[in-house]
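Enquirer: This is input-v7.pdb, which holds PDB, C-alpha atoms (C1' of nucleotides):
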ATOM      1  CA  MET E  30       0.000   0.000   0.000
ATOM      2  CA  PHE E  31       2.860   2.383   0.742
ATOM      3  CA  GLU E  32       6.421   3.013  -0.141
ATOM      4  CA  LEU E  33       8.434   4.498   2.692
ATOM      5  CA  ASP E  34      12.022   5.618   2.687
ATOM      6  CA  LEU E  35      13.307   4.618   6.102
ATOM      7  CA  ARG E  36      16.682   6.178   5.317
ATOM      8  CA  SER E  37      15.202   9.552   4.436
ATOM      9  CA  ARG E  38      15.833  12.563   6.673
ATOM     10  CA  LYS E  39      12.070  13.133   6.455
ATOM     11  CA  PRO E  40      10.368  11.499   9.454
ATOM     12  CA  ILE E  41       8.342   8.377   8.744
ATOM     13  CA  TYR E  42       5.154   9.849  10.154
ATOM     14  CA  GLU E  43       5.500  12.861   7.836
ATOM     15  CA  GLN E  44       5.967  10.563   4.854
ATOM     16  CA  LEU E  45       2.847   8.711   5.931
ATOM     17  CA  VAL E  46       0.834  11.916   6.240
ATOM     18  CA  GLU E  47       1.941  13.081   2.827
ATOM     19  CA  ARG E  48       1.303   9.728   1.169
ATOM     20  CA  LEU E  49      -2.126   9.253   2.724
ATOM     21  CA  LYS E  50      -3.079  12.802   1.790
ATOM     22  CA  GLN E  51      -2.242  12.030  -1.822
ATOM     23  CA  LEU E  52      -4.322   8.857  -1.763
ATOM     24  CA  ILE E  53      -7.259  10.766  -0.312
ATOM     25  CA  ILE E  54      -6.860  13.723  -2.687
ATOM     26  CA  ASN E  55      -6.622  11.420  -5.702
ATOM     27  CA  ASN E  56      -9.693   9.538  -4.537
ATOM     28  CA  VAL E  57      -7.814   6.262  -4.243
ATOM     29  CA  LEU E  58      -9.219   6.220  -0.747
ATOM     30  CA  GLU E  59     -12.877   7.168  -0.937
ATOM     31  CA  LYS E  60     -14.990   9.074   1.551
ATOM     32  CA  ASP E  61     -15.811   7.089   4.683
ATOM     33  CA  GLU E  62     -13.514   4.302   3.535
ATOM     34  CA  LYS E  63     -11.893   2.522   6.423
ATOM     35  CA  LEU E  64      -8.177   2.915   6.752
ATOM     36  CA  PRO E  65      -5.985   0.043   7.964
ATOM     37  CA  SER E  66      -5.874  -0.126  11.749
ATOM     38  CA  VAL E  67      -2.813   1.320  13.401
ATOM     39  CA  ARG E  68      -1.606  -2.144  14.367
ATOM     40  CA  THR E  69      -2.288  -3.712  10.984
ATOM     41  CA  LEU E  70      -0.539  -0.959   9.056
ATOM     42  CA  ALA E  71       2.337  -0.939  11.515
ATOM     43  CA  SER E  72       2.742  -4.670  10.990
ATOM     44  CA  GLN E  73       2.589  -4.355   7.208
ATOM     45  CA  LEU E  74       5.172  -1.583   7.151
ATOM     46  CA  SER E  75       7.297  -3.133   9.885
ATOM     47  CA  ILE E  76       7.246   0.002  11.962
ATOM     48  CA  ASN E  77       5.921   0.901  15.373
ATOM     49  CA  PRO E  78       2.171   1.409  15.923
ATOM     50  CA  ASN E  79       2.930   4.669  17.700
ATOM     51  CA  THR E  80       4.356   6.072  14.499
ATOM     52  CA  ILE E  81       1.174   5.204  12.603
ATOM     53  CA  GLN E  82      -0.919   6.735  15.327
ATOM     54  CA  LYS E  83       1.096   9.916  15.167
ATOM     55  CA  ALA E  84       0.407  10.151  11.435
ATOM     56  CA  TYR E  85      -3.299   9.434  11.900
ATOM     57  CA  ARG E  86      -3.524  12.027  14.658
ATOM     58  CA  GLU E  87      -1.975  14.599  12.341
ATOM     59  CA  LEU E  88      -4.317  13.685   9.485
ATOM     60  CA  GLU E  89      -7.269  13.987  11.841
ATOM     61  CA  ALA E  90      -6.060  17.397  13.034
ATOM     62  CA  GLN E  91      -5.916  18.527   9.410
ATOM     63  CA  GLY E  92      -9.404  17.199   8.753
ATOM     64  CA  TYR E  93      -8.515  14.449   6.293
ATOM     65  CA  ILE E  94      -9.671  11.532   8.416
ATOM     66  CA  TYR E  95     -11.694  10.892  11.531
ATOM     67  CA  SER E  96     -11.214   8.173  14.105
ATOM     68  CA  VAL E  97     -13.720   6.367  16.260
ATOM     69  CA  LYS E  98     -12.545   4.428  19.269
ATOM     70  CA  GLY E  99     -13.280   0.746  18.851
ATOM     71  CA  LYS E 100     -14.261   1.089  15.197
ATOM     72  CA  GLY E 101     -11.391   2.515  13.240
ATOM     73  CA  SER E 102     -10.158   5.470  11.214
ATOM     74  CA  PHE E 103     -12.011   6.683   8.152
ATOM     75  CA  VAL E 104     -11.601   9.165   5.308
ATOM     76  CA  SER E 105     -13.422  12.414   6.013
ATOM     77  CA  ASN E 106     -15.884  14.135   3.768
ATOM     78  CA  SER E 107     -13.802  17.258   3.273
ATOM     79  CA  LEU E 108     -16.905  19.390   2.940
ATOM     80  CA  MET E 109     -17.836  18.500   6.496
ATOM     81  CA  THR E 110     -14.696  19.980   7.949
ATOM     82  CA  ASP E 111     -13.556  23.551   8.298
ATOM     83  CA  ASN E 112     -10.728  23.916   5.821
ATOM     84  CA  ALA E 113     -10.104  27.635   6.255
ATOM     85  CA  ALA E 114      -6.916  27.221   8.225
ATOM     86  CA  GLU E 115      -5.552  24.560   5.884
ATOM     87  CA  ILE E 116      -6.418  26.596   2.813
ATOM     88  CA  LYS E 117      -4.600  29.580   4.239
ATOM     89  CA  LYS E 118      -1.528  27.469   4.918
ATOM     90  CA  VAL E 119      -1.497  25.944   1.457
ATOM     91  CA  LYS E 120      -1.959  29.310  -0.225
ATOM     92  CA  GLU E 121       0.890  30.853   1.720
ATOM     93  CA  GLN E 122       3.141  27.938   0.855
ATOM     94  CA  LEU E 123       2.083  28.152  -2.773
ATOM     95  CA  LYS E 124       3.006  31.824  -2.933
ATOM     96  CA  LYS E 125       6.500  31.045  -1.738
ATOM     97  CA  GLN E 126       6.925  28.204  -4.201
ATOM     98  CA  VAL E 127       5.535  30.200  -7.104
ATOM     99  CA  ALA E 128       7.886  33.073  -6.304
ATOM    100  CA  GLU E 129      10.770  30.626  -6.206
ATOM    101  CA  ALA E 130       9.759  28.989  -9.480
ATOM    102  CA  LEU E 131       9.475  32.354 -11.220
ATOM    103  CA  PHE E 132      12.849  33.361  -9.819
ATOM    104  CA  LEU E 133      14.392  30.183 -11.179
ATOM    105  CA  GLY E 134      13.136  31.015 -14.639
ATOM    106  CA  VAL E 135       9.878  29.091 -14.868
ATOM    107  CA  THR E 136       7.304  31.131 -16.770
ATOM    108  CA  SER E 137       3.822  31.900 -15.456
ATOM    109  CA  GLU E 138       2.451  30.138 -18.534
ATOM    110  CA  GLU E 139       4.204  26.956 -17.446
ATOM    111  CA  LEU E 140       2.780  27.316 -13.962
ATOM    112  CA  ILE E 141      -0.744  27.827 -15.267
ATOM    113  CA  GLN E 142      -0.302  24.769 -17.456
ATOM    114  CA  LEU E 143       0.843  22.837 -14.405
ATOM    115  CA  ILE E 144      -2.355  23.781 -12.572
ATOM    116  CA  GLN E 145      -4.470  22.667 -15.492
ATOM    117  CA  ASP E 146      -2.592  19.376 -15.741
ATOM    118  CA  VAL E 147      -3.187  18.647 -12.086
ATOM    119  CA  GLU E 148      -6.825  19.644 -12.446
ATOM    120  CA  LYS E 149      -7.387  17.276 -15.355
ATOM    121  CA  SER E 150      -5.756  14.356 -13.622
ATOM    122  CA  SER E 151      -8.125  14.691 -10.683
ATOM    123  CA  VAL E 152     -11.446  14.760 -12.520
ATOM    124  CA  GLY E 153     -14.273  12.794 -11.016
ATOM    125  CA  GLU E 154     -13.509  13.462  -7.394
ATOM    126  CA  GLY E 155     -15.847  14.447  -4.647
TER
ATOM    127  CA  MET L  18      16.947  41.579   9.574
ATOM    128  CA  PHE L  19      15.292  38.281  10.408
ATOM    129  CA  GLU L  20      12.541  36.865  12.487
ATOM    130  CA  LEU L  21      13.248  33.364  13.717
ATOM    131  CA  ASP L  22      11.016  31.099  15.705
ATOM    132  CA  LEU L  23      13.349  29.314  18.068
ATOM    133  CA  ARG L  24      10.442  27.275  19.425
ATOM    134  CA  SER L  25       9.424  26.025  16.009
ATOM    135  CA  ARG L  26       9.808  22.354  15.130
ATOM    136  CA  LYS L  27      11.461  23.585  11.947
ATOM    137  CA  PRO L  28      15.259  23.735  12.395
ATOM    138  CA  ILE L  29      16.780  27.197  12.655
ATOM    139  CA  TYR L  30      19.048  26.668   9.676
ATOM    140  CA  GLU L  31      16.061  25.712   7.519
ATOM    141  CA  GLN L  32      14.234  28.844   8.609
ATOM    142  CA  LEU L  33      17.307  30.838   7.679
ATOM    143  CA  VAL L  34      17.536  29.226   4.244
ATOM    144  CA  GLU L  35      13.869  29.888   3.562
ATOM    145  CA  ARG L  36      14.014  33.487   4.777
ATOM    146  CA  LEU L  37      17.171  34.353   2.868
ATOM    147  CA  LYS L  38      15.745  32.759  -0.261
ATOM    148  CA  GLN L  39      12.725  35.023   0.004
ATOM    149  CA  LEU L  40      14.891  38.109   0.441
ATOM    150  CA  ILE L  41      16.916  37.150  -2.615
ATOM    151  CA  ILE L  42      13.868  36.253  -4.692
ATOM    152  CA  ASN L  43      12.114  39.497  -3.774
ATOM    153  CA  ASN L  44      15.216  41.434  -4.634
ATOM    154  CA  VAL L  45      15.565  42.809  -1.127
ATOM    155  CA  LEU L  46      19.069  41.432  -1.356
ATOM    156  CA  GLU L  47      20.488  42.383  -4.716
ATOM    157  CA  LYS L  48      22.901  40.500  -6.938
ATOM    158  CA  ASP L  49      26.447  40.454  -5.605
ATOM    159  CA  GLU L  50      25.296  42.150  -2.428
ATOM    160  CA  LYS L  51      27.318  41.089   0.565
ATOM    161  CA  LEU L  52      25.534  39.077   3.197
ATOM    162  CA  PRO L  53      26.320  39.515   6.892
ATOM    163  CA  SER L  54      29.313  37.452   7.947
ATOM    164  CA  VAL L  55      28.560  34.216   9.719
ATOM    165  CA  ARG L  56      29.856  35.633  13.003
ATOM    166  CA  THR L  57      28.025  38.943  12.693
ATOM    167  CA  LEU L  58      24.707  37.353  11.845
ATOM    168  CA  ALA L  59      25.160  34.754  14.561
ATOM    169  CA  SER L  60      25.762  37.522  17.053
ATOM    170  CA  GLN L  61      22.743  39.513  15.879
ATOM    171  CA  LEU L  62      20.464  36.485  16.101
ATOM    172  CA  SER L  63      22.033  35.167  19.284
ATOM    173  CA  ILE L  64      22.670  31.779  17.768
ATOM    174  CA  ASN L  65      25.776  29.771  17.003
ATOM    175  CA  PRO L  66      27.968  30.673  14.004
ATOM    176  CA  ASN L  67      27.929  27.023  12.936
ATOM    177  CA  THR L  68      24.182  27.235  12.400
ATOM    178  CA  ILE L  69      24.607  30.258  10.126
ATOM    179  CA  GLN L  70      27.334  28.486   8.220
ATOM    180  CA  LYS L  71      25.110  25.474   7.717
ATOM    181  CA  ALA L  72      22.440  27.716   6.209
ATOM    182  CA  TYR L  73      24.936  29.515   3.976
ATOM    183  CA  ARG L  74      26.372  26.199   2.824
ATOM    184  CA  GLU L  75      22.893  25.029   1.863
ATOM    185  CA  LEU L  76      22.148  28.280   0.028
ATOM    186  CA  GLU L  77      25.423  27.957  -1.845
ATOM    187  CA  ALA L  78      24.603  24.348  -2.773
ATOM    188  CA  GLN L  79      21.288  25.554  -4.188
ATOM    189  CA  GLY L  80      23.000  28.300  -6.146
ATOM    190  CA  TYR L  81      21.527  31.282  -4.333
ATOM    191  CA  ILE L  82      24.764  32.623  -2.902
ATOM    192  CA  TYR L  83      28.481  32.148  -3.309
ATOM    193  CA  SER L  84      31.168  32.436  -0.671
ATOM    194  CA  VAL L  85      34.769  33.549  -0.940
ATOM    195  CA  LYS L  86      37.154  32.717   1.826
ATOM    196  CA  GLY L  87      38.416  35.866   3.487
ATOM    197  CA  LYS L  88      35.950  38.125   1.686
ATOM    198  CA  GLY L  89      32.449  37.039   2.520
ATOM    199  CA  SER L  90      29.232  35.563   1.132
ATOM    200  CA  PHE L  91      27.367  37.205  -1.718
ATOM    201  CA  VAL L  92      24.089  36.887  -3.594
ATOM    202  CA  SER L  93      24.488  34.906  -6.819
ATOM    203  CA  ASN L  94      23.364  35.920 -10.228
ATOM    204  CA  SER L  95      20.849  33.099 -10.627
ATOM    205  CA  LEU L  96      21.437  32.957 -14.354
ATOM    206  CA  MET L  97      24.987  31.872 -13.708
ATOM    207  CA  THR L  98      23.982  28.684 -11.945
ATOM    208  CA  ASP L  99      22.419  25.483 -13.196
ATOM    209  CA  ASN L 100      18.894  25.488 -11.843
ATOM    210  CA  ALA L 101      17.603  22.337 -13.507
ATOM    211  CA  ALA L 102      17.583  20.227 -10.367
ATOM    212  CA  GLU L 103      16.003  22.977  -8.297
ATOM    213  CA  ILE L 104      13.348  23.645 -10.904
ATOM    214  CA  LYS L 105      12.413  19.986 -10.958
ATOM    215  CA  LYS L 106      12.078  19.922  -7.189
ATOM    216  CA  VAL L 107       9.953  23.047  -7.075
ATOM    217  CA  LYS L 108       7.669  21.800  -9.821
ATOM    218  CA  GLU L 109       7.107  18.475  -8.106
ATOM    219  CA  GLN L 110       6.334  20.213  -4.847
ATOM    220  CA  LEU L 111       4.017  22.614  -6.634
ATOM    221  CA  LYS L 112       2.054  19.743  -8.152
ATOM    222  CA  LYS L 113       1.408  18.290  -4.723
ATOM    223  CA  GLN L 114       0.373  21.633  -3.279
ATOM    224  CA  VAL L 115      -1.875  22.446  -6.207
ATOM    225  CA  ALA L 116      -3.570  19.073  -5.896
ATOM    226  CA  GLU L 117      -4.098  19.710  -2.201
ATOM    227  CA  ALA L 118      -5.445  23.215  -2.784
ATOM    228  CA  LEU L 119      -7.907  21.945  -5.393
ATOM    229  CA  PHE L 120      -8.996  19.189  -3.028
ATOM    230  CA  LEU L 121      -9.629  21.727  -0.292
ATOM    231  CA  GLY L 122     -11.938  23.652  -2.585
ATOM    232  CA  VAL L 123      -9.671  26.311  -4.029
ATOM    233  CA  THR L 124     -10.554  26.905  -7.672
ATOM    234  CA  SER L 125      -8.038  26.851 -10.498
ATOM    235  CA  GLU L 126      -9.031  30.439 -11.243
ATOM    236  CA  GLU L 127      -7.935  31.422  -7.754
ATOM    237  CA  LEU L 128      -4.645  29.623  -8.242
ATOM    238  CA  ILE L 129      -4.007  31.324 -11.568
ATOM    239  CA  GLN L 130      -4.781  34.657  -9.927
ATOM    240  CA  LEU L 131      -2.327  33.781  -7.179
ATOM    241  CA  ILE L 132       0.391  33.219  -9.754
ATOM    242  CA  GLN L 133      -0.335  36.534 -11.411
ATOM    243  CA  ASP L 134      -0.312  38.330  -8.067
ATOM    244  CA  VAL L 135       3.081  36.904  -7.222
ATOM    245  CA  GLU L 136       4.340  37.766 -10.690
ATOM    246  CA  LYS L 137       3.246  41.409 -10.389
ATOM    247  CA  SER L 138       4.782  41.825  -6.966
ATOM    248  CA  SER L 139       8.150  40.733  -8.279
ATOM    249  CA  VAL L 140       8.433  43.032 -11.277
ATOM    250  CA  GLY L 141      11.765  44.683 -11.827
ATOM    251  CA  GLU L 142      13.926  41.817 -10.728
ATOM    252  CA  GLY L 143      16.942  40.358 -12.386
TER
ATOM    253  C1'  DT V   8      50.364  43.413  11.837
ATOM    254  C1'  DA V   9      45.596  43.400  13.327
ATOM    255  C1'  DA V  10      41.061  42.471  12.414
ATOM    256  C1'  DC V  11      38.173  40.852   9.562
ATOM    257  C1'  DT V  12      36.392  36.894   6.373
ATOM    258  C1'  DG V  13      35.024  31.608   5.290
ATOM    259  C1'  DT V  14      35.896  26.928   6.591
ATOM    260  C1'  DA V  15      36.790  22.715   9.280
ATOM    261  C1'  DC V  16      36.832  19.781  13.151
ATOM    262  C1'  DT V  17      35.688  17.534  17.597
ATOM    263  C1'  DA V  18      32.997  17.148  21.671
ATOM    264  C1'  DA V  19      29.011  17.937  24.529
ATOM    265  C1'  DT V  20      24.335  19.052  24.860
ATOM    266  C1'  DT V  21      19.631  19.277  23.490
ATOM    267  C1'  DA V  22      15.618  18.144  20.792
ATOM    268  C1'  DT V  23      13.124  15.000  18.061
ATOM    269  C1'  DG V  24      11.827  10.707  16.058
ATOM    270  C1'  DT V  25      11.251   5.904  16.879
ATOM    271  C1'  DT V  26      10.707   1.780  19.295
ATOM    272  C1'  DA V  27       9.069  -1.038  23.098
ATOM    273  C1'  DA V  28       5.910  -2.543  26.462
ATOM    274  C1'  DT V  29       1.802  -1.987  28.735
ATOM    275  C1'  DA V  30      -2.701  -0.491  29.763
ATOM    276  C1'  DC V  31      -7.491   1.157  29.219
ATOM    277  C1'  DA V  32     -11.907   1.880  26.806
ATOM    278  C1'  DG V  33     -15.217   1.182  23.067
ATOM    279  C1'  DT V  34     -16.990  -2.116  19.215
ATOM    280  C1'  DT V  35     -18.217  -6.334  17.157
ATOM    281  C1'  DA V  36     -19.381 -10.966  16.480
ATOM    282  C1'  DA V  37     -19.618 -15.625  18.253
TER
ATOM    283  C1'  DT R   2     -20.403 -12.830  28.392
ATOM    284  C1'  DT R   3     -16.223 -13.675  26.009
ATOM    285  C1'  DA R   4     -12.692 -13.056  22.638
ATOM    286  C1'  DA R   5     -10.664 -10.340  19.331
ATOM    287  C1'  DC R   6     -10.632  -6.463  17.263
ATOM    288  C1'  DT R   7     -10.489  -1.077  17.294
ATOM    289  C1'  DG R   8      -8.361   3.819  18.984
ATOM    290  C1'  DT R   9      -5.888   6.027  22.626
ATOM    291  C1'  DA R  10      -2.567   7.006  26.344
ATOM    292  C1'  DT R  11       1.592   6.616  29.020
ATOM    293  C1'  DT R  12       6.321   5.745  30.297
ATOM    294  C1'  DA R  13      10.940   4.467  29.335
ATOM    295  C1'  DA R  14      14.789   3.517  26.385
ATOM    296  C1'  DC R  15      17.190   4.349  22.244
ATOM    297  C1'  DA R  16      18.824   6.536  17.832
ATOM    298  C1'  DT R  17      19.435  10.348  15.140
ATOM    299  C1'  DA R  18      19.666  15.157  14.079
ATOM    300  C1'  DA R  19      20.095  19.883  15.490
ATOM    301  C1'  DT R  20      22.563  23.086  18.139
ATOM    302  C1'  DT R  21      26.092  24.882  20.902
ATOM    303  C1'  DA R  22      30.873  25.504  22.326
ATOM    304  C1'  DG R  23      35.587  25.867  21.624
ATOM    305  C1'  DT R  24      39.403  25.893  18.780
ATOM    306  C1'  DA R  25      42.014  26.204  14.720
ATOM    307  C1'  DC R  26      43.560  27.351   9.970
ATOM    308  C1'  DA R  27      43.682  30.043   5.652
ATOM    309  C1'  DG R  28      42.627  34.025   2.744
ATOM    310  C1'  DT R  29      41.563  39.308   2.591
ATOM    311  C1'  DT R  30      41.942  44.046   3.755
ATOM    312  C1'  DA R  31      43.477  48.336   5.617
TER
END
Could you express the structure from this file as structure tokens?
Expert:
Amino acid sequence: MFELDLRSRKPIYEQLVERLKQLIINNVLEKDEKLPSVRTLASQLSINPNTIQKAYRELEAQGYIYSVKGKGSFVSNSLMTDNAAEIKKVKEQLKKQVAEALFLGVTSEELIQLIQDVEKSSVGEG
Amino acid sequence: MFELDLRSRKPIYEQLVERLKQLIINNVLEKDEKLPSVRTLASQLSINPNTIQKAYRELEAQGYIYSVKGKGSFVSNSLMTDNAAEIKKVKEQLKKQVAEALFLGVTSEELIQLIQDVEKSSVGEG
DNA sequence: TAACTGTACTAATTATGTTAATACAGTTAA
DNA sequence: TTAACTGTATTAACATAATTAGTACAGTTA
């Protein structure tokens, strides 16, 4: 289900958050779909359950999943959660990256094309 | 000159790299302008000179500055350096962020506007 | 020469990530 | 009810990375 780089300087739980976000954003994991339990996923990835839990806790804080004691963790319906804070974060980060890209010589046309490419590849979500 | 968050989970040297990049990109620091010496900046920020040096080393590796022993560290002319690797990194990161923004409900029109805003605010560079 | 510059190195300390073991509470199905 | 699953919490030990501290060397400049 996942590919982790245990040698990376990026913490495992951050890799997990990023990877799971992508799966949710790309609709590989659908709304209300049950995620693997912390113990199951930890076993599959040969890492500690605490590390999985840390990732799940972060994803829940960001509104991507919700957890129910005794039942499991599930993909959120993003429309149910308040995304304002996350949107603000992403926009601020995007501004920095766009400024950097422009500085490095990437044209605004290329960047607009990049947006449209991403948009096309994620049709049919929701 | 800088605002650092010593309590942040983000390492000081990474904050320094990010902040100096912004100053260079926004032309606050001009080409060939001399940066504060590692000892001076360390003293101003009340942190260790080694931490400054680590940030400068990273900025030099990314092509944003160049250092001359005995003279100092200076802002690069970005056109002099090979940005291919950096451009690839930034584009990949941008794709992820754009996908996340779209997922959170930001429209592609908003994103295009964001690009144009950043572009306008950085006129007169180079 | 004196005072500045970048750079390098080692050691100690601190912070963070990760593992390990254990425990508790809620859910589900036999 | 029992057994096996779920999330969650806590504490300790360990590994790694970040940071500090101290020192040293080499090049530059006035």
Enquirer: Please enumerate the residues selected by the PyMOL selection byres ((chain E) within 8 of (chain R)) when evaluated against the supplied file, formatted as a list in words.
Expert: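 Taken on the displayed file, the PyMOL selection byres ((chain E) within 8 of (chain R)) yields the residues Ser66, Ser96, Val97, Lys98, Gly99, Lys100 and Gly101 of chain E.
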Enquirer: Any chance you could export the current selection's C-alpha atoms as a PDB file, in the coordinates of the input?
Expert:
ATOM      1  CA  SER E  66      -5.874  -0.126  11.749  1.00  0.00           C
ATOM      2  CA  SER E  96     -11.214   8.173  14.105  1.00  0.00           C
ATOM      3  CA  VAL E  97     -13.720   6.367  16.260  1.00  0.00           C
ATOM      4  CA  LYS E  98     -12.545   4.428  19.269  1.00  0.00           C
ATOM      5  CA  GLY E  99     -13.280   0.746  18.851  1.00  0.00           C
ATOM      6  CA  LYS E 100     -14.261   1.089  15.197  1.00  0.00           C
ATOM      7  CA  GLY E 101     -11.391   2.515  13.240  1.00  0.00           C
TER       8      GLY E 101
END
Enquirer: Applying 12 Å and only C-alpha atoms (C1' of nucleotides), which residues near DG24 (chain V) remain after dropping the ones on its own chain fewer than 2 positions away? List them as number ranges by chain.
Expert: E: 35, 38-43, 77, 79-80, 83; L: 26; V: 22, 26; R: 15-18
Enquirer: Could you list the residues in chain L lying within 9 Å of chain E, using all atoms listed in the file, and format the result as JSON, numbers by chain?
Expert: {"L": [38, 39, 42, 43, 95, 96, 100, 101, 103, 104, 107, 108, 110, 111, 112, 113, 114, 115, 116, 117, 118, 119, 120, 121, 122, 123, 125, 128, 129, 131, 132, 133, 134, 135, 136, 139, 142, 143]}
Enquirer: Can you write just those residues out, C-alpha atoms, as a short mmCIF file (atom, residue, chain, number, x, y, z; two decimals), keeping the file's coordinate frame?
Expert:
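And here's part-v5.cif as it stands now:
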data_model
loop_
_atom_site.label_atom_id
_atom_site.label_comp_id
_atom_site.auth_asym_id
_atom_site.auth_seq_id
_atom_site.Cartn_x
_atom_site.Cartn_y
_atom_site.Cartn_z
CA LYS L 38 15.74 32.76 -0.26
CA GLN L 39 12.72 35.02 0.00
CA ILE L 42 13.87 36.25 -4.69
CA ASN L 43 12.11 39.50 -3.77
CA SER L 95 20.85 33.10 -10.63
CA LEU L 96 21.44 32.96 -14.35
CA ASN L 100 18.89 25.49 -11.84
CA ALA L 101 17.60 22.34 -13.51
CA GLU L 103 16.00 22.98 -8.30
CA ILE L 104 13.35 23.64 -10.90
CA VAL L 107 9.95 23.05 -7.08
CA LYS L 108 7.67 21.80 -9.82
CA GLN L 110 6.33 20.21 -4.85
CA LEU L 111 4.02 22.61 -6.63
CA LYS L 112 2.05 19.74 -8.15
CA LYS L 113 1.41 18.29 -4.72
CA GLN L 114 0.37 21.63 -3.28
CA VAL L 115 -1.88 22.45 -6.21
CA ALA L 116 -3.57 19.07 -5.90
CA GLU L 117 -4.10 19.71 -2.20
CA ALA L 118 -5.44 23.22 -2.78
CA LEU L 119 -7.91 21.94 -5.39
CA PHE L 120 -9.00 19.19 -3.03
CA LEU L 121 -9.63 21.73 -0.29
CA GLY L 122 -11.94 23.65 -2.58
CA VAL L 123 -9.67 26.31 -4.03
CA SER L 125 -8.04 26.85 -10.50
CA LEU L 128 -4.64 29.62 -8.24
CA ILE L 129 -4.01 31.32 -11.57
CA LEU L 131 -2.33 33.78 -7.18
CA ILE L 132 0.39 33.22 -9.75
CA GLN L 133 -0.34 36.53 -11.41
CA ASP L 134 -0.31 38.33 -8.07
CA VAL L 135 3.08 36.90 -7.22
CA GLU L 136 4.34 37.77 -10.69
CA SER L 139 8.15 40.73 -8.28
CA GLU L 142 13.93 41.82 -10.73
CA GLY L 143 16.94 40.36 -12.39
#
Enquirer: E:Val67, E:Gln44, E:Glu62, E:Pro78: which is nearest chain V, counting only C-alpha atoms (C1' of nucleotides)?
Expert: E:Pro78
Enquirer: Would you kindly translate the PyMOL selection byres ((chain V) within 9 of (chain E)) into the concrete residues it picks from this file, as a tab-separated table (two decimals) with C-alpha atoms (C1' of nucleotides), in the frame of the given file?
Expert:
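Wrote it out as selection_35.tsv, contents follow:
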chain	number	residue	atom	x	y	z
V	24	DG	C1'	11.83	10.71	16.06
V	25	DT	C1'	11.25	5.90	16.88
V	26	DT	C1'	10.71	1.78	19.30
V	27	DA	C1'	9.07	-1.04	23.10
V	32	DA	C1'	-11.91	1.88	26.81
V	33	DG	C1'	-15.22	1.18	23.07
V	34	DT	C1'	-16.99	-2.12	19.22
V	35	DT	C1'	-18.22	-6.33	17.16
Enquirer: Determine the residue membership of the PyMOL selection byres ((chain E and resi 61) around 7) for the file above and supply it as a tab-separated table (two decimals) with C-alpha atoms, in the frame of the given file.
Expert:
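Output file part.tsv follows:
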chain	number	residue	atom	x	y	z
E	59	GLU	CA	-12.88	7.17	-0.94
E	60	LYS	CA	-14.99	9.07	1.55
E	62	GLU	CA	-13.51	4.30	3.54
E	63	LYS	CA	-11.89	2.52	6.42
E	103	PHE	CA	-12.01	6.68	8.15
E	104	VAL	CA	-11.60	9.16	5.31
E	105	SER	CA	-13.42	12.41	6.01
Enquirer: Work out how far CA of Arg86 (chain E) is from CA of Ser72 (chain E), in Å to one decimal.
Expert: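 Separating CA of Ser72 (chain E) from CA of Arg86 (chain E) is a distance of 18.2 Å.
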Enquirer: Find the distance between CA of Leu52 (chain E) and CA of Tyr95 (chain E) and write it in Å to one decimal.
Expert: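 So the answer is 15.3 Å.
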Enquirer: Have a look at CA of Ala59 (chain L) and CA of Glu75 (chain L) and let me know their distance in Å, one decimal.
Expert: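 Answer for the CA of Ala59 (chain L) to CA of Glu75 (chain L) separation: 16.2 Å.
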Enquirer: Which polymer residues have any atom within 10 Å of an atom of Thr69 (chain E), counting all atoms listed in the file, with same-chain residues fewer than 5 positions away left out, as a list in words?
Expert: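 Once the adjacent positions are removed, what remains is Leu64, Leu74, Ser75, Pro78 and Ile81 of chain E.
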Enquirer: Could you write out as JSON the box around region 18-27 of chain R (axis-aligned, all atoms listed in the file, 6 Å on each side), with centre and edge lengths in Å to one decimal?
Expert:
{"center_x": 31.7, "center_y": 22.6, "center_z": 14.0, "size_x": 36.0, "size_y": 26.9, "size_z": 28.7}
